[in-house]
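Novice: Got a structure for you, questions after.
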Amino acid sequence: MTQLFTWYGFILHMVWALGLCLSPTPMHATPLNYFARIMGYNQYLTAAGLFIVSILCLIGVILDRTNRHDFIALLCVIPQQFVMIVCALGSVMAIALSHYADGVERHMGFILADQFPFIIAAVMYTLAILSNFGKDLFWKHI
Amino acid sequence: METYLIPIVAFIVSTITVILSVRFGNRKIDIDYVQQLRNRVLALQTTLRAIRVNELKLKEENDQLKTQNLDLLMKINELTNKITK
């Protein structure tokens with residue numbers, strides 16, 4: 001299950017990186033906006049950041065499958081979690097402010113319905129990491 | 001302000017995730033090491049079987065030698081009796 005979420009994040013960020021290579025406009029997409037701000041609104045730097053995060057995540061998956069270097073595998077998937085949380089919090093801000101990152105105003109409920117997949121993805125990704133690397137957190141108390 | 005707040009919150013969540021994963025993580029078994037241990041156990045079991053087979057053979061030889069020893073002692077006894085007569 002962890003690896004499904006990891007692959008989801010990998011494909012999502014790679015597609016975003018590819019989109020940014022083609023045009024700077026994806027930086028104004030709500031989930032991507034805050035990450036782009038962190039990268040100084042630089043199109044190629046943002047794409048490079050997403051690309052690096054995806055590759056690190058892939059390395060983490062491979063290391064995890066070999067059942068070795070658990071801590072290094074964990075550290076490799078954490079940057080992607082960081083990006084997903086930044087994207088999710090960007091979506092939360094858009095919902096709270098009732099307007100998208102590109103300035104388009106919509107009702108809070110509309111933006112919630114639109115952006116909720118990114119929020120739930122960040123939450124599920126975090127839970128997937130904990131269930132894979134911190135098994136005793138869930139199973140010890142059963 | 002939110003530009004700084006969001007990455008800080010994300011960093012805190014990631015740090016907590018790492019801490020919880022390390023604190024509650026099961027140490028995964030190194031499969032290669034387990035396989036090595038299994039191979040060593042099998043090799044030791046084979047050696048132990050060979051030692052037991054050897055032990056049985058030596059016991060048989062020992063019994064045969066004891067029987068031969070008894071026979072020889074009896075013959076010596078007979079000869080001694082003949083000589084004294």
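As shown in the structure tokens, the chain order sets the letters A, B, ...; within each chain, residues go from 1, and ligands are also counted from 1 in the order they appear.
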Mind dumping a table of every region 7-54 of chain B residue within 8 Å of region 70-92 of chain A, with the nearest atom pair and its distance in Å to one decimal, using only C-alpha atoms, sorted by chain and rising number, as a tab-separated table?
Specialist:
residue	atom	partner	partner_atom	distance
B:Pro7	CA	A:Val86	CA	6.1
B:Ala10	CA	A:Ile85	CA	5.5
B:Phe11	CA	A:Phe82	CA	6.4
B:Val13	CA	A:Phe82	CA	8.0
B:Ser14	CA	A:Phe82	CA	6.1
B:Val18	CA	A:Leu74	CA	7.4
B:Val22	CA	A:Phe71	CA	7.7
B:Lys28	CA	A:Asp70	CA	7.7
Novice: Can you list, as a list of chain:residue names, every protein, DNA or RNA residue that comes within 8 Å of region 19-34 of chain A when you count only C-alpha atoms, leaving out same-chain residues fewer than 4 positions away?
Specialist: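 In the requested form, the answer reads A:Val15, A:Ile38, A:Tyr41, A:Gln43, A:Tyr44, A:Thr46, A:Ala47, A:Val86, A:Cys87, A:Ala88, A:Gly90, A:Ser91, A:Ala94, A:Tyr100, A:Ala101, A:Asp102, A:Gln115, A:Phe118, B:Thr3, B:Ile6.
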Novice: Go ahead and save the picked residues with N, CA and C atoms, as a PDB file, in the first residue's frame.
Specialist:
ATOM      1  N   VAL A  15       5.079  14.553 -13.577  1.00  0.00           N
ATOM      2  CA  VAL A  15       4.208  15.217 -14.564  1.00  0.00           C
ATOM      3  C   VAL A  15       4.232  16.718 -14.340  1.00  0.00           C
ATOM      4  N   ILE A  38       8.520  28.885  -2.693  1.00  0.00           N
ATOM      5  CA  ILE A  38       9.726  28.462  -1.947  1.00  0.00           C
ATOM      6  C   ILE A  38      10.936  28.455  -2.889  1.00  0.00           C
ATOM      7  N   TYR A  41       9.846  31.276  -7.393  1.00  0.00           N
ATOM      8  CA  TYR A  41       9.086  31.457  -8.631  1.00  0.00           C
ATOM      9  C   TYR A  41       9.947  31.272  -9.888  1.00  0.00           C
ATOM     10  N   GLN A  43      10.887  28.884 -12.770  1.00  0.00           N
ATOM     11  CA  GLN A  43      10.246  27.759 -13.467  1.00  0.00           C
ATOM     12  C   GLN A  43      11.119  26.508 -13.439  1.00  0.00           C
ATOM     13  N   TYR A  44      12.392  26.685 -13.810  1.00  0.00           N
ATOM     14  CA  TYR A  44      13.275  25.524 -13.969  1.00  0.00           C
ATOM     15  C   TYR A  44      13.764  24.995 -12.625  1.00  0.00           C
ATOM     16  N   THR A  46      11.996  25.099  -9.873  1.00  0.00           N
ATOM     17  CA  THR A  46      10.842  24.359  -9.338  1.00  0.00           C
ATOM     18  C   THR A  46      10.747  22.975  -9.989  1.00  0.00           C
ATOM     19  N   ALA A  47      10.935  22.947 -11.316  1.00  0.00           N
ATOM     20  CA  ALA A  47      10.896  21.661 -12.031  1.00  0.00           C
ATOM     21  C   ALA A  47      12.017  20.748 -11.540  1.00  0.00           C
ATOM     22  N   VAL A  86       3.372  20.711   1.601  1.00  0.00           N
ATOM     23  CA  VAL A  86       3.360  22.103   1.145  1.00  0.00           C
ATOM     24  C   VAL A  86       2.204  22.316   0.164  1.00  0.00           C
ATOM     25  N   CYS A  87       2.039  21.395  -0.777  1.00  0.00           N
ATOM     26  CA  CYS A  87       0.940  21.490  -1.751  1.00  0.00           C
ATOM     27  C   CYS A  87      -0.410  21.433  -1.039  1.00  0.00           C
ATOM     28  N   ALA A  88      -0.535  20.527  -0.070  1.00  0.00           N
ATOM     29  CA  ALA A  88      -1.795  20.384   0.661  1.00  0.00           C
ATOM     30  C   ALA A  88      -2.110  21.655   1.448  1.00  0.00           C
ATOM     31  N   GLY A  90      -1.075  24.627   0.772  1.00  0.00           N
ATOM     32  CA  GLY A  90      -1.431  25.643  -0.220  1.00  0.00           C
ATOM     33  C   GLY A  90      -2.907  25.542  -0.579  1.00  0.00           C
ATOM     34  N   SER A  91      -3.376  24.296  -0.734  1.00  0.00           N
ATOM     35  CA  SER A  91      -4.799  24.071  -1.023  1.00  0.00           C
ATOM     36  C   SER A  91      -5.662  24.512   0.153  1.00  0.00           C
ATOM     37  N   ALA A  94      -5.996  28.200   0.054  1.00  0.00           N
ATOM     38  CA  ALA A  94      -6.937  28.602  -1.000  1.00  0.00           C
ATOM     39  C   ALA A  94      -8.379  28.438  -0.520  1.00  0.00           C
ATOM     40  N   TYR A 100      -8.444  30.843  -5.580  1.00  0.00           N
ATOM     41  CA  TYR A 100      -7.330  30.026  -6.043  1.00  0.00           C
ATOM     42  C   TYR A 100      -6.040  30.850  -6.061  1.00  0.00           C
ATOM     43  N   ALA A 101      -4.925  30.151  -6.221  1.00  0.00           N
ATOM     44  CA  ALA A 101      -3.616  30.828  -6.217  1.00  0.00           C
ATOM     45  C   ALA A 101      -3.469  31.805  -7.388  1.00  0.00           C
ATOM     46  N   ASP A 102      -4.202  31.539  -8.478  1.00  0.00           N
ATOM     47  CA  ASP A 102      -4.110  32.459  -9.628  1.00  0.00           C
ATOM     48  C   ASP A 102      -5.100  33.622  -9.502  1.00  0.00           C
ATOM     49  N   GLN A 115      -9.868  20.835  -4.418  1.00  0.00           N
ATOM     50  CA  GLN A 115      -8.510  20.665  -3.896  1.00  0.00           C
ATOM     51  C   GLN A 115      -8.359  19.549  -2.878  1.00  0.00           C
ATOM     52  N   PHE A 118      -5.690  16.673  -3.087  1.00  0.00           N
ATOM     53  CA  PHE A 118      -4.289  16.958  -2.744  1.00  0.00           C
ATOM     54  C   PHE A 118      -4.078  16.936  -1.233  1.00  0.00           C
TER      55      PHE A 118
ATOM     56  N   THR B   3       3.905  32.479   3.424  1.00  0.00           N
ATOM     57  CA  THR B   3       4.985  31.895   2.616  1.00  0.00           C
ATOM     58  C   THR B   3       5.996  31.186   3.504  1.00  0.00           C
ATOM     59  N   ILE B   6       3.963  27.965   5.848  1.00  0.00           N
ATOM     60  CA  ILE B   6       3.653  26.675   5.217  1.00  0.00           C
ATOM     61  C   ILE B   6       4.863  25.745   5.173  1.00  0.00           C
TER      62      ILE B   6
END
Novice: Figure out the distance between CA of Lys75 (chain B) and CA of Glu60 (chain B), please, to one decimal in Å.
Specialist: 22.7 Å
Novice: Given a cut-off of 6 Å, which residues of chain B touch chain A, counting only C-alpha atoms, written out as a PyMOL selection string?
Specialist: chain B and resi 10+21+24-25
Novice: Those selected residues, please, written with all heavy atoms and delivered as a compact mmCIF listing (two decimals), in the first residue's frame.
Specialist:
# COMPACT_ATOMS: atom_id res chain seq x y z
N ALA B 10 5.26 22.21 7.21
CA ALA B 10 5.59 20.98 6.46
C ALA B 10 6.86 20.34 7.02
O ALA B 10 6.94 19.12 7.16
CB ALA B 10 5.76 21.30 4.97
N SER B 21 8.70 7.26 13.01
CA SER B 21 9.11 6.08 12.24
C SER B 21 10.32 5.40 12.89
O SER B 21 10.38 4.18 12.97
CB SER B 21 9.46 6.45 10.80
OG SER B 21 8.34 6.99 10.16
N PHE B 24 9.14 3.94 16.46
CA PHE B 24 8.25 2.79 16.44
C PHE B 24 8.55 1.81 15.32
O PHE B 24 7.76 0.93 15.03
CB PHE B 24 6.79 3.27 16.31
CG PHE B 24 6.30 3.98 17.52
CD1 PHE B 24 6.24 5.36 17.55
CD2 PHE B 24 5.90 3.28 18.64
CE1 PHE B 24 5.80 6.03 18.68
CE2 PHE B 24 5.45 3.93 19.78
CZ PHE B 24 5.40 5.31 19.79
N GLY B 25 9.71 1.96 14.69
CA GLY B 25 10.03 1.10 13.56
C GLY B 25 10.48 -0.26 14.03
O GLY B 25 11.20 -0.40 15.00
Novice: With only C-alpha atoms as the basis for distance, which of A:Ala128, A:Ala17, A:Ile95, A:Ile59 is at the shortest distance from Phe110 (chain A)?
Specialist: A:Ile95
Novice: One decimal, in Å: what's the spacing between CA of Val53 (chain A) and CA of Gln3 (chain A)?
Specialist: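 Going from CA of Val53 (chain A) over to CA of Gln3 (chain A) covers 15.3 Å.
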Novice: Identify all residues of chain A in alpha helix (DSSP H) (DSSP on the backbone) and supply them as number ranges by chain.
Specialist: A: 2-22, 30-38, 43-65, 70-97, 108-133, 135-139
Novice: Which is closer to Leu56 (chain A) than all the others in A:Val123, A:Gly9, A:Glu105, A:Asp114, using only C-alpha atoms?
Specialist: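 Distance minimum relative to Leu56 (chain A) lands on A:Gly9.
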Novice: Rank nothing, just name the residue among A:Leu112, A:Met124, A:Leu45, A:Met39 nearest to His99 (chain A), using only C-alpha atoms.
Specialist: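 Among the listed residues, A:Leu112 lies closest to His99 (chain A).
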